[in-house]
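Dropping run-v3.cif in here (mmCIF, C-alpha atoms):
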data_data
#
loop_
_atom_site.label_atom_id
_atom_site.label_comp_id
_atom_site.auth_asym_id
_atom_site.auth_seq_id
_atom_site.Cartn_x
_atom_site.Cartn_y
_atom_site.Cartn_z
CA MET I 2 -19.60 43.96 66.51
CA THR I 3 -19.26 46.83 64.06
CA VAL I 4 -18.83 46.50 60.31
CA ASN I 5 -15.26 47.75 60.70
CA ASP I 6 -14.48 45.14 63.40
CA LEU I 7 -15.80 42.45 61.10
CA LEU I 8 -13.50 43.51 58.28
CA GLU I 9 -10.53 43.51 60.63
CA LYS I 10 -11.31 40.08 62.01
CA VAL I 11 -12.28 38.21 58.87
CA ASN I 12 -9.84 38.36 55.98
CA ASP I 13 -12.34 36.85 53.56
CA PHE I 14 -14.48 39.98 53.71
CA SER I 15 -13.45 43.22 52.07
CA GLY I 16 -15.09 46.61 52.21
CA VAL I 17 -16.59 47.93 48.95
CA VAL I 18 -18.52 50.90 50.30
CA LEU I 19 -18.12 51.87 53.94
CA SER I 20 -20.46 54.77 54.55
CA GLU I 21 -21.08 53.95 58.19
CA PRO I 22 -18.24 51.66 59.33
CA GLU I 23 -19.16 51.92 63.01
CA ARG I 24 -22.64 50.50 62.41
CA GLU I 25 -23.35 47.63 64.80
CA ILE I 26 -24.14 44.20 63.29
CA GLN I 27 -26.84 42.49 65.35
CA GLY I 28 -27.77 39.50 63.25
CA VAL I 29 -27.58 37.86 59.84
CA TYR I 30 -30.10 37.33 57.08
CA ILE I 31 -29.59 35.51 53.77
CA GLY I 32 -31.82 36.00 50.73
CA ASP I 33 -32.04 37.14 47.13
CA LEU I 34 -35.76 37.70 46.68
CA LEU I 35 -35.99 41.35 47.60
CA SER I 36 -39.57 41.40 48.83
CA TRP I 37 -38.90 38.38 50.94
CA VAL I 38 -35.85 40.06 52.45
CA MET I 39 -37.83 43.22 53.11
CA GLY I 40 -40.45 41.21 54.91
CA LYS I 41 -38.08 39.16 57.04
CA ALA I 42 -34.69 40.84 57.54
CA GLN I 43 -34.31 42.68 60.82
CA SER I 44 -32.88 46.11 61.38
CA GLY I 45 -29.14 45.76 62.05
CA ASP I 46 -28.72 42.48 60.15
CA ALA I 47 -25.76 41.76 57.92
CA TRP I 48 -27.62 40.81 54.73
CA ILE I 49 -25.90 38.18 52.59
CA THR I 50 -27.03 38.18 48.97
CA ILE I 51 -25.91 37.77 45.39
CA MET I 52 -28.19 40.57 44.14
CA SER I 53 -26.22 43.72 43.42
CA ASN I 54 -28.60 45.99 41.50
CA VAL I 55 -29.81 49.37 42.63
CA ASN I 56 -33.00 47.90 44.08
CA THR I 57 -30.83 45.92 46.49
CA LEU I 58 -29.71 49.26 47.90
CA ALA I 59 -33.27 50.48 48.31
CA VAL I 60 -34.16 47.32 50.21
CA ALA I 61 -31.10 47.68 52.45
CA THR I 62 -32.10 51.27 53.22
CA LEU I 63 -35.73 50.49 53.92
CA ALA I 64 -35.10 47.33 55.94
CA ASP I 65 -32.30 49.23 57.72
CA THR I 66 -29.73 46.44 57.47
CA ALA I 67 -26.27 47.07 58.95
CA CYS I 68 -24.50 46.05 55.75
CA ILE I 69 -24.92 44.17 52.50
CA VAL I 70 -22.57 41.21 52.12
CA LEU I 71 -22.15 40.33 48.44
CA ALA I 72 -21.32 36.63 48.30
CA GLU I 73 -19.81 34.42 45.58
CA GLY I 74 -17.51 37.18 44.34
CA VAL I 75 -20.39 39.33 43.08
CA SER I 76 -19.28 42.93 42.48
CA LEU I 77 -21.02 46.30 42.30
CA ASP I 78 -21.28 48.36 39.12
CA ASP I 79 -19.74 51.82 39.45
CA GLY I 80 -23.14 53.50 39.22
CA VAL I 81 -24.57 51.30 41.96
CA LYS I 82 -21.48 51.92 44.06
CA GLU I 83 -21.98 55.67 43.80
CA THR I 84 -25.61 55.29 44.82
CA ALA I 85 -24.57 53.22 47.84
CA GLU I 86 -22.23 56.03 48.88
CA GLU I 87 -24.99 58.61 48.44
CA LYS I 88 -27.46 56.57 50.46
CA GLY I 89 -24.98 55.87 53.24
CA ILE I 90 -25.04 52.09 52.85
CA ASN I 91 -22.26 49.67 53.85
CA VAL I 92 -21.35 47.05 51.25
CA ILE I 93 -18.89 44.22 51.83
CA SER I 94 -17.83 41.59 49.31
CA THR I 95 -16.50 38.08 49.63
CA SER I 96 -15.64 35.20 47.33
CA LEU I 97 -17.23 32.83 49.87
CA SER I 98 -20.63 31.27 49.26
CA ALA I 99 -23.60 32.62 51.19
CA TYR I 100 -23.40 29.61 53.50
CA GLU I 101 -19.66 30.00 54.13
CA ALA I 102 -20.07 33.74 54.73
CA ALA I 103 -22.83 33.03 57.26
CA VAL I 104 -20.61 30.52 59.06
CA LYS I 105 -17.84 33.12 59.31
CA LEU I 106 -20.27 35.66 60.68
CA HIS I 107 -21.57 33.16 63.20
CA GLN I 108 -18.02 32.52 64.41
CA VAL I 109 -17.30 36.16 65.14
CA LEU I 110 -20.65 37.65 66.17
CA MET O 29 -57.83 65.73 63.22
CA SER O 30 -55.44 67.90 61.26
CA ASP O 31 -52.62 66.54 59.18
CA LEU O 32 -49.16 67.55 60.30
CA LEU O 33 -47.63 66.86 56.93
CA THR O 34 -48.68 65.74 53.50
CA PHE O 35 -46.56 64.51 50.61
CA HIS O 36 -47.30 63.80 46.99
CA PHE O 37 -45.14 61.77 44.61
CA ASP O 38 -45.46 60.79 40.97
CA VAL O 39 -44.13 57.28 40.56
CA ASP O 40 -42.44 56.92 37.18
CA GLY O 41 -43.62 53.78 35.40
CA ASP O 42 -40.68 53.53 33.04
CA ASP O 43 -37.88 53.62 35.51
CA PHE O 44 -37.69 50.52 37.61
CA THR O 45 -34.33 51.51 39.04
CA SER O 46 -35.61 54.73 40.56
CA ALA O 47 -38.61 53.07 42.18
CA GLY O 48 -38.27 53.55 45.89
CA GLN O 49 -37.34 57.22 45.82
CA ALA O 50 -40.68 58.21 47.32
CA SER O 51 -40.34 55.64 50.11
CA VAL O 52 -36.81 56.69 50.91
CA GLN O 53 -37.91 60.34 51.03
CA ILE O 54 -40.76 59.44 53.39
CA LYS O 55 -38.37 57.51 55.57
CA LYS O 56 -36.17 60.59 55.91
CA SER O 57 -39.09 62.90 56.63
CA LEU O 58 -40.58 60.61 59.29
CA ARG O 59 -37.20 60.36 60.94
CA GLN O 60 -37.07 64.16 61.15
CA LEU O 61 -40.47 64.08 62.84
CA GLY O 62 -39.00 61.84 65.51
CA ILE O 63 -41.26 58.87 64.79
CA ALA O 64 -40.17 55.49 66.21
CA PRO O 65 -37.72 53.58 63.96
CA GLU O 66 -39.90 50.43 63.80
CA THR O 67 -42.90 52.50 62.70
CA ILE O 68 -40.77 54.17 60.03
CA ARG O 69 -39.57 50.77 58.86
CA ARG O 70 -43.13 49.51 58.52
CA VAL O 71 -44.31 52.59 56.63
CA SER O 72 -41.38 52.67 54.24
CA ILE O 73 -41.46 48.95 53.44
CA ALA O 74 -45.23 48.96 52.84
CA MET O 75 -44.88 52.00 50.62
CA TYR O 76 -41.92 50.62 48.68
CA GLU O 77 -43.80 47.42 47.89
CA GLY O 78 -46.66 49.56 46.64
CA GLU O 79 -44.36 51.66 44.50
CA ILE O 80 -42.75 48.58 42.98
CA ASN O 81 -46.18 47.11 42.24
CA MET O 82 -47.24 50.27 40.42
CA VAL O 83 -44.06 50.22 38.33
CA ILE O 84 -44.29 46.50 37.51
CA HIS O 85 -47.99 46.26 36.81
CA ALA O 86 -49.52 49.66 36.18
CA GLY O 87 -47.01 51.83 34.34
CA GLY O 88 -46.57 54.02 37.40
CA GLY O 89 -49.00 56.01 39.47
CA GLU O 90 -49.23 58.41 42.34
CA ALA O 91 -48.40 58.13 46.00
CA ASP O 92 -49.86 60.42 48.65
CA VAL O 93 -48.80 60.29 52.26
CA SER O 94 -50.25 62.19 55.17
CA VAL O 95 -49.12 62.17 58.75
CA ASN O 96 -51.23 63.14 61.73
CA GLU O 97 -50.81 62.67 65.47
CA ASN O 98 -52.03 59.08 65.42
CA GLU O 99 -51.17 57.53 62.08
CA VAL O 100 -49.43 57.64 58.74
CA ILE O 101 -51.84 57.25 55.83
CA ILE O 102 -50.51 56.10 52.45
CA THR O 103 -52.68 56.24 49.35
CA LEU O 104 -51.42 54.67 46.12
CA THR O 105 -53.39 55.31 42.96
CA ASP O 106 -52.78 53.92 39.51
CA HIS O 107 -54.61 53.66 36.22
CA GLY O 108 -53.26 50.24 35.35
CA PRO O 109 -55.05 46.99 34.47
CA GLY O 110 -56.65 46.48 37.87
CA ILE O 111 -56.60 43.32 39.99
CA PRO O 112 -59.14 40.71 38.79
CA ASN O 113 -59.01 38.57 41.94
CA ILE O 114 -57.87 40.42 45.05
CA GLU O 115 -58.13 37.38 47.31
CA GLN O 116 -55.73 35.48 45.04
CA ALA O 117 -53.39 38.47 44.73
CA MET O 118 -53.17 38.63 48.53
CA GLN O 119 -51.79 35.08 48.79
CA GLU O 120 -48.07 34.85 49.55
CA GLY O 121 -46.25 33.49 46.51
CA PHE O 122 -48.95 34.37 43.95
CA SER O 123 -47.36 36.55 41.28
CA THR O 124 -48.06 37.71 37.75
CA ALA O 125 -44.76 39.55 37.39
CA PRO O 126 -42.79 38.94 34.17
CA ASP O 127 -39.48 37.03 34.20
CA ALA O 128 -37.40 40.18 33.67
CA ILE O 129 -38.73 41.53 36.95
CA ARG O 130 -38.04 38.25 38.73
CA SER O 131 -34.42 38.35 37.61
CA LEU O 132 -34.10 41.65 39.49
CA GLY O 133 -35.24 39.95 42.68
CA PHE O 134 -38.88 40.98 42.67
CA GLY O 135 -42.04 39.17 41.69
CA ALA O 136 -41.92 36.68 44.56
CA GLY O 137 -45.58 37.22 45.31
CA MET O 138 -44.78 39.00 48.57
CA GLY O 139 -45.71 42.57 47.66
CA LEU O 140 -49.33 42.80 48.74
CA PRO O 141 -48.85 40.36 51.67
CA ASN O 142 -45.97 42.53 52.94
CA MET O 143 -48.10 45.66 52.59
CA LYS O 144 -50.81 43.98 54.65
CA ARG O 145 -48.31 42.69 57.19
CA TYR O 146 -46.69 46.05 57.76
CA SER O 147 -49.79 48.19 57.90
CA ASP O 148 -52.47 48.31 60.59
CA TYR O 149 -55.19 48.82 58.00
CA MET O 150 -55.26 48.17 54.27
CA ASP O 151 -58.03 48.67 51.75
CA ILE O 152 -57.87 47.77 48.05
CA GLN O 153 -60.27 49.25 45.53
CA SER O 154 -59.66 47.89 42.07
CA GLU O 155 -61.55 47.79 38.82
CA VAL O 156 -60.30 45.75 35.88
CA GLY O 157 -59.31 48.05 33.02
CA LYS O 158 -59.56 51.17 35.19
CA GLY O 159 -56.97 50.95 37.93
CA THR O 160 -56.31 50.37 41.58
CA THR O 161 -56.31 52.50 44.70
CA ILE O 162 -54.75 51.14 47.86
CA THR O 163 -55.03 52.87 51.21
CA MET O 164 -52.78 51.83 54.08
CA LYS O 165 -52.63 53.18 57.60
CA VAL O 166 -49.85 52.65 60.08
CA ASN O 167 -50.48 53.65 63.70
CA ILE O 168 -47.87 55.84 65.30
#
For this file, write the structure as structure tokens.
Amino acid sequence: MTVNDLLEKVNDFSGVVLSEPEREIQGVYIGDLLSWVMGKAQSGDAWITIMSNVNTLAVATLADTACIVLAEGVSLDDGVKETAEEKGINVISTSLSAYEAAVKLHQVL
Amino acid sequence: MSDLLTFHFDVDGDDFTSAGQASVQIKKSLRQLGIAPETIRRVSIAMYEGEINMVIHAGGGEADVSVNENEVIITLTDHGPGIPNIEQAMQEGFSTAPDAIRSLGFGAGMGLPNMKRYSDYMDIQSEVGKGTTITMKVNI
């Protein structure tokens, strides 16, 4: 399923930065410790986190995740948003908890 | 064996938010060389962890990367405090990072273990009070 398909199917998710909306989501990873995520997340994962600083974007780029899913209503600062656009990263937000977001993803993937 | 490409980066010790620029640049360059995505992932993650370590602990440093037919070689050099006990520093979860760094999502004690995990060879030369040089190789 692509990032775009996900947004169409699940109303709880909304697109914040969609640089590559046709990117395929192949799995899910949840974590906020960036080094841990870098060590464990797989390429193509939807990465659910509450971390929204610029280092989050670097980790998403390097680990090659399909999209960042900001849970618990966490938002992106304008500067970070611009950087996400520059780096070609997809960012989605939701007011759901990380657990609830993962359940939704499991239902549709 | 001749190097196909070499890169040099100064890693700014004051700017935690720009850490990772060197790794992202390397990722792009390796992609242009047509290197396998999983290899690129390993190189860029290992290098990013190294960059972050230099920013957190050593006030910055230098990163040199060379690429030849068989491997990517990353050398990270800093003039920071050095690592008193390398064996301890290599343990997952061991961290001396300050709280401010932890609140940004780093300092989980996964940096050096990730660098080891993602490289095929890693060597650490460190002297307390002088600095640290880490060499990593990733086979292509």
Query - All residues 9 Å or closer to I:Lys82, only C-alpha atoms, same chain fewer than 6 positions away omitted, as an MDAnalysis selection string - result: chainID I and resid 17:18 55 92
Query - From O:Leu132, O:Val166, O:Ile102, O:Ile114, residue lying nearest I:Asn54 [only C-alpha atoms] - result: O:Leu132
Query raised in the report: Which is closer to chain O than all the others in I:Ile93, I:Met52, I:Val29, I:Val11, using all atoms listed in the file?
Result: I:Met52
**Report entry** 8 Å contacts from chain O to chain I using all atoms listed in the file, as JSON, numbers by chain
**Finding:** {"O": [45, 47, 48, 51, 52, 55, 69, 72, 73, 77, 132, 133, 134, 135, 136, 138, 139, 142]}
Query raised in the report: Which polymer residues have any atom within 12 Å of an atom of O:Ala50, counting all atoms listed in the file, with same-chain residues fewer than 5 positions away left out, as a PyMOL selection string?
Result: (chain I and resi 59+63) or (chain O and resi 35-40+55-57+71-80+89-93+102+104)
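Among the candidates O:Gln119, O:Val95, O:Pro112, O:Ser147, the residue lying nearest to O:Arg70 is O:Ser147 (atoms considered: only C-alpha atoms).
Atom pair atom CA of O:Val100 / atom CA of O:Val83: separated by 22.4 Å.
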Requested in this report: Apply the PyMOL selection byres ((chain I and resi 76) around 9) to the structure shown and report the selected residues as a ChimeraX atom specification.
Outcome: /I:17,51,53,71-72,74-75,77-78,94
Query raised in the report: Contacts of O:Gly110 at 6 Å or less, counting only C-alpha atoms, minus same-chain residues fewer than 4 places along, as a VMD selection string?
Result: chain O and resid 154 to 157 159 to 160
Query raised in the report: Which of these residues is nearest to I:Ala42, using only C-alpha atoms: I:Thr66, I:Pro22, I:Leu110, I:Gln27?
Result: I:Thr66
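Counting from atom CA of O:Thr163, the distance to atom CA of O:Ile101 is 7.1 Å.
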Report task. Could you state which residues are captured by the PyMOL selection byres ((chain I and resi 26) around 7) in this file, as a PyMOL selection string? Result -> chain I and resi 2-4+24-25+27-28+45-47+67
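Checking O:Ser94, O:Asn81, O:Lys158, O:Asp43 one by one against O:Gly137, counting all atoms listed in the file, you find the shortest gap at O:Asn81.
Residues selected in this file by the PyMOL selection byres ((chain O and resi 84) around 8) comprise O:Gly41, O:Phe44, O:Ile80, O:Asn81, O:Met82, O:Val83, O:His85, O:Ala86, O:Gly87, O:Gly88, O:Ala125, O:Ile129.
The closest residue to O:Pro109, picked from O:Thr161, O:Ser46, O:Asn167, O:Ser30 and counting all atoms listed in the file, is O:Thr161.
With atom CA of I:Ser98 on one side and atom CA of O:Ala128 on the other, the separation reads 24.6 Å.
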Could you rebuild stretch 24-58 of chain I with N, CA and C atoms and give it back as an mmCIF file, in the coordinates of the input?
data_model
loop_
_atom_site.group_PDB
_atom_site.id
_atom_site.type_symbol
_atom_site.label_atom_id
_atom_site.label_comp_id
_atom_site.auth_asym_id
_atom_site.auth_seq_id
_atom_site.Cartn_x
_atom_site.Cartn_y
_atom_site.Cartn_z
ATOM 1 N N ARG I 24 -21.305 51.075 62.227
ATOM 2 C CA ARG I 24 -22.640 50.500 62.410
ATOM 3 C C ARG I 24 -22.529 49.104 63.041
ATOM 4 N N GLU I 25 -23.350 48.883 64.054
ATOM 5 C CA GLU I 25 -23.350 47.630 64.800
ATOM 6 C C GLU I 25 -24.091 46.530 64.017
ATOM 7 N N ILE I 26 -23.474 45.353 63.925
ATOM 8 C CA ILE I 26 -24.140 44.200 63.290
ATOM 9 C C ILE I 26 -24.800 43.382 64.406
ATOM 10 N N GLN I 27 -26.101 43.174 64.273
ATOM 11 C CA GLN I 27 -26.840 42.490 65.350
ATOM 12 C C GLN I 27 -27.341 41.108 64.961
ATOM 13 N N GLY I 28 -27.282 40.810 63.683
ATOM 14 C CA GLY I 28 -27.770 39.500 63.250
ATOM 15 C C GLY I 28 -27.406 39.287 61.792
ATOM 16 N N VAL I 29 -27.902 38.191 61.232
ATOM 17 C CA VAL I 29 -27.580 37.860 59.840
ATOM 18 C C VAL I 29 -28.852 37.415 59.133
ATOM 19 N N TYR I 30 -28.997 37.842 57.890
ATOM 20 C CA TYR I 30 -30.100 37.330 57.080
ATOM 21 C C TYR I 30 -29.553 37.006 55.683
ATOM 22 N N ILE I 31 -30.042 35.911 55.110
ATOM 23 C CA ILE I 31 -29.590 35.510 53.770
ATOM 24 C C ILE I 31 -30.798 35.458 52.845
ATOM 25 N N GLY I 32 -30.718 36.118 51.685
ATOM 26 C CA GLY I 32 -31.820 36.000 50.730
ATOM 27 C C GLY I 32 -31.597 36.853 49.501
ATOM 28 N N ASP I 33 -32.185 36.419 48.391
ATOM 29 C CA ASP I 33 -32.040 37.140 47.130
ATOM 30 C C ASP I 33 -33.365 37.671 46.588
ATOM 31 N N LEU I 34 -34.467 37.172 47.109
ATOM 32 C CA LEU I 34 -35.760 37.700 46.680
ATOM 33 C C LEU I 34 -36.043 38.944 47.524
ATOM 34 N N LEU I 35 -36.033 40.086 46.852
ATOM 35 C CA LEU I 35 -35.990 41.350 47.600
ATOM 36 C C LEU I 35 -37.201 41.570 48.491
ATOM 37 N N SER I 36 -38.378 41.225 47.997
ATOM 38 C CA SER I 36 -39.570 41.400 48.830
ATOM 39 C C SER I 36 -39.530 40.500 50.047
ATOM 40 N N TRP I 37 -39.009 39.326 49.835
ATOM 41 C CA TRP I 37 -38.900 38.380 50.940
ATOM 42 C C TRP I 37 -37.956 38.958 52.006
ATOM 43 N N VAL I 38 -36.836 39.471 51.533
ATOM 44 C CA VAL I 38 -35.850 40.060 52.450
ATOM 45 C C VAL I 38 -36.473 41.231 53.207
ATOM 46 N N MET I 39 -37.218 42.053 52.469
ATOM 47 C CA MET I 39 -37.830 43.220 53.110
ATOM 48 C C MET I 39 -38.813 42.801 54.186
ATOM 49 N N GLY I 40 -39.472 41.687 53.945
ATOM 50 C CA GLY I 40 -40.450 41.210 54.910
ATOM 51 C C GLY I 40 -39.832 40.555 56.130
ATOM 52 N N LYS I 41 -38.633 40.016 55.975
ATOM 53 C CA LYS I 41 -38.080 39.160 57.040
ATOM 54 C C LYS I 41 -36.804 39.678 57.694
ATOM 55 N N ALA I 42 -35.962 40.388 56.952
ATOM 56 C CA ALA I 42 -34.690 40.840 57.540
ATOM 57 C C ALA I 42 -34.975 41.832 58.671
ATOM 58 N N GLN I 43 -34.138 41.785 59.677
ATOM 59 C CA GLN I 43 -34.310 42.680 60.820
ATOM 60 C C GLN I 43 -33.356 43.869 60.694
ATOM 61 N N SER I 44 -33.747 44.952 61.310
ATOM 62 C CA SER I 44 -32.880 46.110 61.380
ATOM 63 C C SER I 44 -31.564 45.708 62.057
ATOM 64 N N GLY I 45 -30.438 46.092 61.461
ATOM 65 C CA GLY I 45 -29.140 45.760 62.050
ATOM 66 C C GLY I 45 -28.545 44.449 61.562
ATOM 67 N N ASP I 46 -29.263 43.736 60.692
ATOM 68 C CA ASP I 46 -28.720 42.480 60.150
ATOM 69 C C ASP I 46 -27.613 42.753 59.133
ATOM 70 N N ALA I 47 -26.655 41.833 59.077
ATOM 71 C CA ALA I 47 -25.760 41.760 57.920
ATOM 72 C C ALA I 47 -26.534 40.922 56.896
ATOM 73 N N TRP I 48 -26.771 41.474 55.727
ATOM 74 C CA TRP I 48 -27.620 40.810 54.730
ATOM 75 C C TRP I 48 -26.734 40.204 53.644
ATOM 76 N N ILE I 49 -26.712 38.885 53.588
ATOM 77 C CA ILE I 49 -25.900 38.180 52.590
ATOM 78 C C ILE I 49 -26.753 37.907 51.361
ATOM 79 N N THR I 50 -26.254 38.334 50.199
ATOM 80 C CA THR I 50 -27.030 38.180 48.970
ATOM 81 C C THR I 50 -26.106 38.116 47.764
ATOM 82 N N ILE I 51 -26.666 37.690 46.641
ATOM 83 C CA ILE I 51 -25.910 37.770 45.390
ATOM 84 C C ILE I 51 -26.522 38.828 44.456
ATOM 85 N N MET I 52 -27.563 39.521 44.954
ATOM 86 C CA MET I 52 -28.190 40.570 44.140
ATOM 87 C C MET I 52 -27.438 41.874 44.346
ATOM 88 N N SER I 53 -27.018 42.501 43.238
ATOM 89 C CA SER I 53 -26.220 43.720 43.420
ATOM 90 C C SER I 53 -26.750 44.867 42.569
ATOM 91 N N ASN I 54 -28.060 44.862 42.268
ATOM 92 C CA ASN I 54 -28.600 45.990 41.500
ATOM 93 C C ASN I 54 -29.045 47.116 42.429
ATOM 94 N N VAL I 55 -29.504 48.178 41.839
ATOM 95 C CA VAL I 55 -29.810 49.370 42.630
ATOM 96 C C VAL I 55 -31.006 49.138 43.560
ATOM 97 N N ASN I 56 -31.875 48.206 43.200
ATOM 98 C CA ASN I 56 -33.000 47.900 44.080
ATOM 99 C C ASN I 56 -32.539 47.232 45.376
ATOM 100 N N THR I 57 -31.412 46.523 45.289
ATOM 101 C CA THR I 57 -30.830 45.920 46.490
ATOM 102 C C THR I 57 -30.528 47.010 47.517
ATOM 103 N N LEU I 58 -30.040 48.153 46.996
ATOM 104 C CA LEU I 58 -29.710 49.260 47.900
ATOM 105 C C LEU I 58 -30.962 49.836 48.545
#
